[in-house]
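Accompanying notes for the structure given below.
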Amino acid sequence: MNFDFSDDQKLLKESVRKFLADKCPMTVTRRVLEKEEPYAAEVWKGLVEMGLTGTAIPEEFGGLGLGALELCVIAEELGRVAAPVPFSSSIYLAAEALRLFGTQKQKETWLPKLASGEAIGTLALSEGTHAAHPRNIAVKFAGGKVSGVKQPVADGGAAHVAIVAVNTGGAGEQAVSLAIVDLKAGGVSSEPVRTIDPSRQHVTLTFKDAPAEILGPKQGEGWTQLSRILDGAAVLFAFEQVGGSEAALEMARDYSLERYAFGRQIGSYQAIKHKLADIYVKKELAKSNSYFGAMMLNDEGAELPEAAAASRIAGSDAYVFAAQENVQTHGGIGYTWESNCQFHYRRAKLLALAVGAPIQWKEKLVSRLEAKNAA
């Protein structure tokens, strides 16, 4: 069994890496963070022109008709540079939700716009700091209108369409549906939310009788739909975390070879060697979990739920650890505003919460394994 990517996928990976190295250096991320731009418009435009926003969208809806593996290699490169663009919100979440569960008309309306970059999408799930659960989804859908507050919503200020988790009445999981809301059609306002990583915009979205329609043919299926959407996104975010881990490791390694203390490269000291080795081990563990997750996602394998949770847990652990150890390796300079260490530290902390905290994914993994063993 071949767990590696194909030559074409590796070529895609190299093309994306070259583009991002040229157009998205850390100076761009710093500019977005300091000026509080919603995203790096020139980087987003380049990704769109390369056709990357249409990677997994079927050709009949204006996409390239490729698949999950191609999205994975793109995600890894975006993670390497901590790209300040709404790719994950628009493609991993909104586009995939529509592709998987939208009606033909819904797909025809939104997927071509998301593929061409004409529209940006997002997923509005959270309603505060607590974990989302069927019993605490308070945003209401009734009579074709959505009312309530979602926060924080990644890239919500720049988005044109949102897939919103709503309460449509009923018991348990059947109370939750997903609704499509055109954010430019009225009835929606946004307020900025400060996060640890301002290079990725987050907002509070307030809906006041905003026109909406249920995603898919009927309501009451939202929680099941969310589970699949988040499993897929978990794998893709894990690849971003692997890419970020590798970049943080390279930053720490390069600095350890440049910096001298007491007449020696600090990289020659055992303590620094241990740091770099520990980062590498966690990164490789995350990579192996991510590769298995990619295979399950691409094949819609039966083990996708477990593989997604494992990818998410290992990816979050690796990236946060790598970012922290990178700062430690740089010493005092690593804590300053002028240092680029902060960007991977910020992004690592943000991604660890992007589609649920690691503790939630650990609980999912345990419960899924228990259910599987019981069966």
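Quick note on naming: the chains in the structure tokens go A, B, ... in the order shown, residues restart at 1 in each chain, and ligands are numbered from 1 in order of appearance.
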What lies within 8 Å of Asn289 in chain A using only C-alpha atoms, ignoring chain neighbours under 2 positions off, as a list in words?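 Near neighbours after the sequence-gap exclusion: Leu285, Ala286, Lys287, Tyr291, Phe292, Gly293, Ala307, Ala310, Ser311 and Ala314 of chain A.
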Which polymer residues have any atom within 6 Å of an atom of Phe61 in chain A, counting only C-alpha atoms, with same-chain residues fewer than 3 positions away left out, as a list in words?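 Within the cut-off, the hits are Pro58, Leu111 and Pro112 of chain A.
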Restricting to only C-alpha atoms, whichever of A:Val85, A:Leu304, A:Ile57, A:Val32 is closest to Leu114 in chain A is A:Ile57
Can I get the residues of range 72-114 of chain A within 9 Å of range 324-347 of chain A, each with the closest pair of atoms and their distance in Å to one decimal, using only C-alpha atoms, sorted chain first then ascending number, as a tab-separated table?
```
residue	atom	partner	partner_atom	distance
A:Gly79	CA	A:Arg347	CA	8.7
A:Arg80	CA	A:His344	CA	8.8
A:Val81	CA	A:His344	CA	8.4
A:Ala82	CA	A:Arg347	CA	6.6
```
For N, CA, C and O atoms, I'd like the residues from the last selection saved as a PDB file, in the first residue's frame.
```
ATOM      1  N   GLY A  79       0.159  26.215   5.790  1.00  0.00           N
ATOM      2  CA  GLY A  79       0.591  26.171   7.183  1.00  0.00           C
ATOM      3  C   GLY A  79       2.040  26.555   7.365  1.00  0.00           C
ATOM      4  O   GLY A  79       2.398  27.158   8.391  1.00  0.00           O
ATOM      5  N   ARG A  80       2.863  26.223   6.408  1.00  0.00           N
ATOM      6  CA  ARG A  80       4.297  26.534   6.512  1.00  0.00           C
ATOM      7  C   ARG A  80       4.548  28.028   6.640  1.00  0.00           C
ATOM      8  O   ARG A  80       5.492  28.453   7.312  1.00  0.00           O
ATOM      9  N   VAL A  81       3.736  28.832   5.977  1.00  0.00           N
ATOM     10  CA  VAL A  81       3.971  30.283   5.977  1.00  0.00           C
ATOM     11  C   VAL A  81       2.963  31.024   6.857  1.00  0.00           C
ATOM     12  O   VAL A  81       2.944  32.249   6.875  1.00  0.00           O
ATOM     13  N   ALA A  82       2.125  30.284   7.583  1.00  0.00           N
ATOM     14  CA  ALA A  82       1.068  30.904   8.386  1.00  0.00           C
ATOM     15  C   ALA A  82       0.305  31.916   7.552  1.00  0.00           C
ATOM     16  O   ALA A  82       0.141  33.084   7.915  1.00  0.00           O
TER      17      ALA A  82
END
```
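Candidate residues A:Leu66, A:Leu33, A:Val242, A:Ala374 were compared for distance to Arg194 in chain A, and the nearest is A:Leu33, using only C-alpha atoms.
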For the structure I just gave you, how does DSSP split range 134-301 of chain A - specifically, which residues are alpha helix (DSSP H)? Reply as a PDB file with N, CA and C atoms, in the first residue's frame.
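The file below, part.pdb, is the result:
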```
ATOM      1  N   GLY A 222     -28.515  18.563  10.662  1.00  0.00           N
ATOM      2  CA  GLY A 222     -27.335  19.406  10.795  1.00  0.00           C
ATOM      3  C   GLY A 222     -26.206  18.818  11.609  1.00  0.00           C
ATOM      4  N   TRP A 223     -26.534  18.134  12.711  1.00  0.00           N
ATOM      5  CA  TRP A 223     -25.453  17.620  13.563  1.00  0.00           C
ATOM      6  C   TRP A 223     -24.684  16.501  12.878  1.00  0.00           C
ATOM      7  N   THR A 224     -25.393  15.651  12.153  1.00  0.00           N
ATOM      8  CA  THR A 224     -24.727  14.600  11.377  1.00  0.00           C
ATOM      9  C   THR A 224     -23.875  15.207  10.274  1.00  0.00           C
ATOM     10  N   GLN A 225     -24.403  16.229   9.614  1.00  0.00           N
ATOM     11  CA  GLN A 225     -23.643  16.911   8.571  1.00  0.00           C
ATOM     12  C   GLN A 225     -22.395  17.573   9.148  1.00  0.00           C
ATOM     13  N   LEU A 226     -22.563  18.234  10.289  1.00  0.00           N
ATOM     14  CA  LEU A 226     -21.426  18.895  10.942  1.00  0.00           C
ATOM     15  C   LEU A 226     -20.317  17.910  11.275  1.00  0.00           C
ATOM     16  N   SER A 227     -20.697  16.741  11.766  1.00  0.00           N
ATOM     17  CA  SER A 227     -19.714  15.734  12.140  1.00  0.00           C
ATOM     18  C   SER A 227     -18.820  15.391  10.956  1.00  0.00           C
ATOM     19  N   ARG A 228     -19.426  15.194   9.793  1.00  0.00           N
ATOM     20  CA  ARG A 228     -18.628  14.865   8.602  1.00  0.00           C
ATOM     21  C   ARG A 228     -17.801  16.047   8.124  1.00  0.00           C
ATOM     22  N   ILE A 229     -18.388  17.231   8.143  1.00  0.00           N
ATOM     23  CA  ILE A 229     -17.660  18.432   7.710  1.00  0.00           C
ATOM     24  C   ILE A 229     -16.441  18.666   8.592  1.00  0.00           C
ATOM     25  N   LEU A 230     -16.631  18.552   9.910  1.00  0.00           N
ATOM     26  CA  LEU A 230     -15.528  18.814  10.844  1.00  0.00           C
ATOM     27  C   LEU A 230     -14.470  17.719  10.789  1.00  0.00           C
ATOM     28  N   ASP A 231     -14.871  16.476  10.519  1.00  0.00           N
ATOM     29  CA  ASP A 231     -13.875  15.415  10.361  1.00  0.00           C
ATOM     30  C   ASP A 231     -12.954  15.727   9.182  1.00  0.00           C
ATOM     31  N   GLY A 232     -13.533  16.131   8.068  1.00  0.00           N
ATOM     32  CA  GLY A 232     -12.717  16.479   6.904  1.00  0.00           C
ATOM     33  C   GLY A 232     -11.818  17.668   7.183  1.00  0.00           C
ATOM     34  N   ALA A 233     -12.378  18.694   7.825  1.00  0.00           N
ATOM     35  CA  ALA A 233     -11.591  19.888   8.142  1.00  0.00           C
ATOM     36  C   ALA A 233     -10.475  19.570   9.127  1.00  0.00           C
ATOM     37  N   ALA A 234     -10.730  18.635  10.054  1.00  0.00           N
ATOM     38  CA  ALA A 234      -9.717  18.263  11.040  1.00  0.00           C
ATOM     39  C   ALA A 234      -8.462  17.719  10.353  1.00  0.00           C
ATOM     40  N   VAL A 235      -8.655  16.908   9.335  1.00  0.00           N
ATOM     41  CA  VAL A 235      -7.512  16.369   8.599  1.00  0.00           C
ATOM     42  C   VAL A 235      -6.765  17.488   7.884  1.00  0.00           C
ATOM     43  N   LEU A 236      -7.496  18.392   7.254  1.00  0.00           N
ATOM     44  CA  LEU A 236      -6.867  19.483   6.514  1.00  0.00           C
ATOM     45  C   LEU A 236      -6.140  20.449   7.445  1.00  0.00           C
ATOM     46  N   PHE A 237      -6.754  20.752   8.584  1.00  0.00           N
ATOM     47  CA  PHE A 237      -6.065  21.597   9.562  1.00  0.00           C
ATOM     48  C   PHE A 237      -4.828  20.893  10.110  1.00  0.00           C
ATOM     49  N   ALA A 238      -4.883  19.573  10.244  1.00  0.00           N
ATOM     50  CA  ALA A 238      -3.711  18.825  10.713  1.00  0.00           C
ATOM     51  C   ALA A 238      -2.546  18.998   9.742  1.00  0.00           C
ATOM     52  N   PHE A 239      -2.843  19.036   8.437  1.00  0.00           N
ATOM     53  CA  PHE A 239      -1.773  19.269   7.467  1.00  0.00           C
ATOM     54  C   PHE A 239      -1.215  20.676   7.599  1.00  0.00           C
ATOM     55  N   GLU A 240      -2.070  21.658   7.871  1.00  0.00           N
ATOM     56  CA  GLU A 240      -1.550  22.999   8.135  1.00  0.00           C
ATOM     57  C   GLU A 240      -0.620  22.974   9.345  1.00  0.00           C
ATOM     58  N   GLN A 241      -1.015  22.219  10.363  1.00  0.00           N
ATOM     59  CA  GLN A 241      -0.206  22.146  11.578  1.00  0.00           C
ATOM     60  C   GLN A 241       1.116  21.427  11.337  1.00  0.00           C
ATOM     61  N   VAL A 242       1.110  20.414  10.480  1.00  0.00           N
ATOM     62  CA  VAL A 242       2.365  19.744  10.112  1.00  0.00           C
ATOM     63  C   VAL A 242       3.284  20.724   9.390  1.00  0.00           C
ATOM     64  N   GLY A 243       2.713  21.477   8.438  1.00  0.00           N
ATOM     65  CA  GLY A 243       3.516  22.473   7.727  1.00  0.00           C
ATOM     66  C   GLY A 243       4.080  23.521   8.656  1.00  0.00           C
ATOM     67  N   GLY A 244       3.265  23.996   9.599  1.00  0.00           N
ATOM     68  CA  GLY A 244       3.741  24.977  10.571  1.00  0.00           C
ATOM     69  C   GLY A 244       4.810  24.414  11.484  1.00  0.00           C
ATOM     70  N   SER A 245       4.654  23.145  11.867  1.00  0.00           N
ATOM     71  CA  SER A 245       5.656  22.492  12.725  1.00  0.00           C
ATOM     72  C   SER A 245       7.003  22.408  12.025  1.00  0.00           C
ATOM     73  N   GLU A 246       6.961  22.053  10.742  1.00  0.00           N
ATOM     74  CA  GLU A 246       8.207  21.959   9.975  1.00  0.00           C
ATOM     75  C   GLU A 246       8.881  23.324   9.856  1.00  0.00           C
ATOM     76  N   ALA A 247       8.080  24.354   9.625  1.00  0.00           N
ATOM     77  CA  ALA A 247       8.648  25.700   9.500  1.00  0.00           C
ATOM     78  C   ALA A 247       9.249  26.167  10.824  1.00  0.00           C
ATOM     79  N   ALA A 248       8.554  25.898  11.937  1.00  0.00           N
ATOM     80  CA  ALA A 248       9.083  26.284  13.250  1.00  0.00           C
ATOM     81  C   ALA A 248      10.371  25.528  13.557  1.00  0.00           C
ATOM     82  N   LEU A 249      10.424  24.244  13.189  1.00  0.00           N
ATOM     83  CA  LEU A 249      11.632  23.455  13.390  1.00  0.00           C
ATOM     84  C   LEU A 249      12.793  24.031  12.579  1.00  0.00           C
ATOM     85  N   GLU A 250      12.526  24.405  11.338  1.00  0.00           N
ATOM     86  CA  GLU A 250      13.584  24.972  10.493  1.00  0.00           C
ATOM     87  C   GLU A 250      14.076  26.307  11.047  1.00  0.00           C
ATOM     88  N   MET A 251      13.146  27.138  11.551  1.00  0.00           N
ATOM     89  CA  MET A 251      13.544  28.412  12.162  1.00  0.00           C
ATOM     90  C   MET A 251      14.451  28.174  13.356  1.00  0.00           C
ATOM     91  N   ALA A 252      14.077  27.227  14.208  1.00  0.00           N
ATOM     92  CA  ALA A 252      14.873  26.935  15.403  1.00  0.00           C
ATOM     93  C   ALA A 252      16.232  26.364  15.018  1.00  0.00           C
ATOM     94  N   ARG A 253      16.252  25.455  14.050  1.00  0.00           N
ATOM     95  CA  ARG A 253      17.516  24.854  13.605  1.00  0.00           C
ATOM     96  C   ARG A 253      18.444  25.915  13.037  1.00  0.00           C
ATOM     97  N   ASP A 254      17.920  26.756  12.149  1.00  0.00           N
ATOM     98  CA  ASP A 254      18.762  27.775  11.508  1.00  0.00           C
ATOM     99  C   ASP A 254      19.342  28.738  12.537  1.00  0.00           C
ATOM    100  N   TYR A 255      18.509  29.142  13.503  1.00  0.00           N
ATOM    101  CA  TYR A 255      19.002  30.064  14.516  1.00  0.00           C
ATOM    102  C   TYR A 255      20.063  29.400  15.379  1.00  0.00           C
ATOM    103  N   SER A 256      19.875  28.128  15.684  1.00  0.00           N
ATOM    104  CA  SER A 256      20.844  27.424  16.531  1.00  0.00           C
ATOM    105  C   SER A 256      22.199  27.268  15.847  1.00  0.00           C
ATOM    106  N   LEU A 257      22.218  27.335  14.538  1.00  0.00           N
ATOM    107  CA  LEU A 257      23.479  27.257  13.795  1.00  0.00           C
ATOM    108  C   LEU A 257      24.128  28.625  13.604  1.00  0.00           C
ATOM    109  N   GLU A 258      23.330  29.684  13.756  1.00  0.00           N
ATOM    110  CA  GLU A 258      23.842  31.043  13.569  1.00  0.00           C
ATOM    111  C   GLU A 258      24.284  31.685  14.881  1.00  0.00           C
ATOM    112  N   GLN A 270      23.805  20.174  24.112  1.00  0.00           N
ATOM    113  CA  GLN A 270      22.886  19.047  24.194  1.00  0.00           C
ATOM    114  C   GLN A 270      21.442  19.476  24.425  1.00  0.00           C
ATOM    115  N   ALA A 271      21.244  20.516  25.221  1.00  0.00           N
ATOM    116  CA  ALA A 271      19.882  20.962  25.531  1.00  0.00           C
ATOM    117  C   ALA A 271      19.145  21.410  24.273  1.00  0.00           C
ATOM    118  N   ILE A 272      19.850  22.106  23.390  1.00  0.00           N
ATOM    119  CA  ILE A 272      19.232  22.566  22.141  1.00  0.00           C
ATOM    120  C   ILE A 272      18.990  21.383  21.209  1.00  0.00           C
ATOM    121  N   LYS A 273      19.928  20.456  21.167  1.00  0.00           N
ATOM    122  CA  LYS A 273      19.738  19.262  20.337  1.00  0.00           C
ATOM    123  C   LYS A 273      18.498  18.492  20.767  1.00  0.00           C
ATOM    124  N   HIS A 274      18.300  18.397  22.075  1.00  0.00           N
ATOM    125  CA  HIS A 274      17.131  17.692  22.593  1.00  0.00           C
ATOM    126  C   HIS A 274      15.839  18.397  22.166  1.00  0.00           C
ATOM    127  N   LYS A 275      15.837  19.727  22.234  1.00  0.00           N
ATOM    128  CA  LYS A 275      14.659  20.483  21.814  1.00  0.00           C
ATOM    129  C   LYS A 275      14.307  20.174  20.362  1.00  0.00           C
ATOM    130  N   LEU A 276      15.311  20.259  19.493  1.00  0.00           N
ATOM    131  CA  LEU A 276      15.064  20.040  18.066  1.00  0.00           C
ATOM    132  C   LEU A 276      14.631  18.606  17.794  1.00  0.00           C
ATOM    133  N   ALA A 277      15.235  17.672  18.508  1.00  0.00           N
ATOM    134  CA  ALA A 277      14.867  16.264  18.318  1.00  0.00           C
ATOM    135  C   ALA A 277      13.421  16.016  18.773  1.00  0.00           C
ATOM    136  N   ASP A 278      13.031  16.633  19.879  1.00  0.00           N
ATOM    137  CA  ASP A 278      11.669  16.452  20.375  1.00  0.00           C
ATOM    138  C   ASP A 278      10.640  17.045  19.409  1.00  0.00           C
ATOM    139  N   ILE A 279      10.974  18.204  18.848  1.00  0.00           N
ATOM    140  CA  ILE A 279      10.077  18.798  17.838  1.00  0.00           C
ATOM    141  C   ILE A 279       9.923  17.851  16.658  1.00  0.00           C
ATOM    142  N   TYR A 280      11.038  17.310  16.216  1.00  0.00           N
ATOM    143  CA  TYR A 280      11.016  16.415  15.046  1.00  0.00           C
ATOM    144  C   TYR A 280      10.157  15.179  15.305  1.00  0.00           C
ATOM    145  N   VAL A 281      10.292  14.594  16.472  1.00  0.00           N
ATOM    146  CA  VAL A 281       9.528  13.381  16.799  1.00  0.00           C
ATOM    147  C   VAL A 281       8.032  13.674  16.788  1.00  0.00           C
ATOM    148  N   LYS A 282       7.608  14.771  17.432  1.00  0.00           N
ATOM    149  CA  LYS A 282       6.191  15.114  17.458  1.00  0.00           C
ATOM    150  C   LYS A 282       5.676  15.463  16.069  1.00  0.00           C
ATOM    151  N   LYS A 283       6.499  16.140  15.294  1.00  0.00           N
ATOM    152  CA  LYS A 283       6.101  16.500  13.933  1.00  0.00           C
ATOM    153  C   LYS A 283       5.909  15.275  13.074  1.00  0.00           C
ATOM    154  N   GLU A 284       6.800  14.311  13.181  1.00  0.00           N
ATOM    155  CA  GLU A 284       6.683  13.083  12.389  1.00  0.00           C
ATOM    156  C   GLU A 284       5.488  12.242  12.820  1.00  0.00           C
ATOM    157  N   LEU A 285       5.190  12.238  14.116  1.00  0.00           N
ATOM    158  CA  LEU A 285       4.005  11.531  14.596  1.00  0.00           C
ATOM    159  C   LEU A 285       2.742  12.173  14.016  1.00  0.00           C
ATOM    160  N   ALA A 286       2.710  13.510  14.025  1.00  0.00           N
ATOM    161  CA  ALA A 286       1.565  14.217  13.443  1.00  0.00           C
ATOM    162  C   ALA A 286       1.462  13.948  11.947  1.00  0.00           C
ATOM    163  N   LYS A 287       2.590  13.883  11.287  1.00  0.00           N
ATOM    164  CA  LYS A 287       2.601  13.644   9.846  1.00  0.00           C
ATOM    165  C   LYS A 287       2.041  12.268   9.509  1.00  0.00           C
ATOM    166  N   SER A 288       2.432  11.254  10.261  1.00  0.00           N
ATOM    167  CA  SER A 288       1.950   9.905   9.983  1.00  0.00           C
ATOM    168  C   SER A 288       0.444   9.814  10.232  1.00  0.00           C
ATOM    169  N   ASN A 289      -0.034  10.450  11.292  1.00  0.00           N
ATOM    170  CA  ASN A 289      -1.479  10.478  11.549  1.00  0.00           C
ATOM    171  C   ASN A 289      -2.222  11.233  10.454  1.00  0.00           C
ATOM    172  N   SER A 290      -1.626  12.322   9.992  1.00  0.00           N
ATOM    173  CA  SER A 290      -2.254  13.125   8.942  1.00  0.00           C
ATOM    174  C   SER A 290      -2.326  12.364   7.625  1.00  0.00           C
ATOM    175  N   TYR A 291      -1.286  11.618   7.306  1.00  0.00           N
ATOM    176  CA  TYR A 291      -1.285  10.837   6.059  1.00  0.00           C
ATOM    177  C   TYR A 291      -2.379   9.776   6.091  1.00  0.00           C
ATOM    178  N   PHE A 292      -2.545   9.121   7.243  1.00  0.00           N
ATOM    179  CA  PHE A 292      -3.616   8.130   7.346  1.00  0.00           C
ATOM    180  C   PHE A 292      -4.974   8.820   7.253  1.00  0.00           C
ATOM    181  N   GLY A 293      -5.089   9.985   7.898  1.00  0.00           N
ATOM    182  CA  GLY A 293      -6.326  10.750   7.804  1.00  0.00           C
ATOM    183  C   GLY A 293      -6.623  11.157   6.376  1.00  0.00           C
ATOM    184  N   ALA A 294      -5.589  11.540   5.624  1.00  0.00           N
ATOM    185  CA  ALA A 294      -5.773  11.926   4.224  1.00  0.00           C
ATOM    186  C   ALA A 294      -6.283  10.760   3.394  1.00  0.00           C
ATOM    187  N   MET A 295      -5.744   9.576   3.648  1.00  0.00           N
ATOM    188  CA  MET A 295      -6.187   8.395   2.909  1.00  0.00           C
ATOM    189  C   MET A 295      -7.648   8.098   3.195  1.00  0.00           C
ATOM    190  N   MET A 296      -8.039   8.169   4.475  1.00  0.00           N
ATOM    191  CA  MET A 296      -9.429   7.910   4.835  1.00  0.00           C
ATOM    192  C   MET A 296     -10.359   8.978   4.256  1.00  0.00           C
ATOM    193  N   LEU A 297      -9.904  10.226   4.267  1.00  0.00           N
ATOM    194  CA  LEU A 297     -10.724  11.314   3.733  1.00  0.00           C
ATOM    195  C   LEU A 297     -10.900  11.171   2.231  1.00  0.00           C
ATOM    196  N   ASN A 298      -9.830  10.840   1.544  1.00  0.00           N
ATOM    197  CA  ASN A 298      -9.889  10.707   0.092  1.00  0.00           C
ATOM    198  C   ASN A 298     -10.789   9.542  -0.332  1.00  0.00           C
ATOM    199  N   ASP A 299     -10.730   8.447   0.434  1.00  0.00           N
ATOM    200  CA  ASP A 299     -11.499   7.247   0.084  1.00  0.00           C
ATOM    201  C   ASP A 299     -12.849   7.177   0.784  1.00  0.00           C
TER     202      ASP A 299
END
```
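Proximity to Gly117 in chain A was assessed for A:Glu37, A:Asp209, A:Glu370, A:Glu49 counting only C-alpha atoms; the smallest distance is recorded for A:Glu49.
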For Glu108 in chain A, which residue among A:Tyr92, A:Val181, A:Glu70, A:Gly62 is the nearest when counting only C-alpha atoms?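 So, comparing all the options, the nearest one is A:Gly62.
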Using only C-alpha atoms, which of the listed residues (A:Ser89, A:Ser15, A:Thr55, A:Ser199) sits closest to Ala40 in chain A?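 So, comparing all the options, the nearest one is A:Ser199.
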All strand (DSSP E or B) positions in range 258-334 of chain A, as a list in words: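 Here are the strand (DSSP E or B) residues of range 258-334 of chain A: Tyr260, Ala261, Arg264 and Gln265 of chain A.
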Take the residues that were just selected and, keeping N, CA and C atoms, output them as a PDB file, in the first residue's frame.
```
ATOM      1  N   TYR A 260      25.881  32.170  18.493  1.00  0.00           N
ATOM      2  CA  TYR A 260      27.006  31.661  19.276  1.00  0.00           C
ATOM      3  C   TYR A 260      26.878  32.115  20.727  1.00  0.00           C
ATOM      4  N   ALA A 261      27.255  31.240  21.634  1.00  0.00           N
ATOM      5  CA  ALA A 261      27.310  31.566  23.060  1.00  0.00           C
ATOM      6  C   ALA A 261      28.518  30.863  23.660  1.00  0.00           C
ATOM      7  N   ARG A 264      30.674  28.987  21.103  1.00  0.00           N
ATOM      8  CA  ARG A 264      30.162  27.811  20.379  1.00  0.00           C
ATOM      9  C   ARG A 264      28.770  28.100  19.804  1.00  0.00           C
ATOM     10  N   GLN A 265      28.469  27.429  18.685  1.00  0.00           N
ATOM     11  CA  GLN A 265      27.100  27.474  18.186  1.00  0.00           C
ATOM     12  C   GLN A 265      26.183  26.887  19.252  1.00  0.00           C
TER      13      GLN A 265
END
```
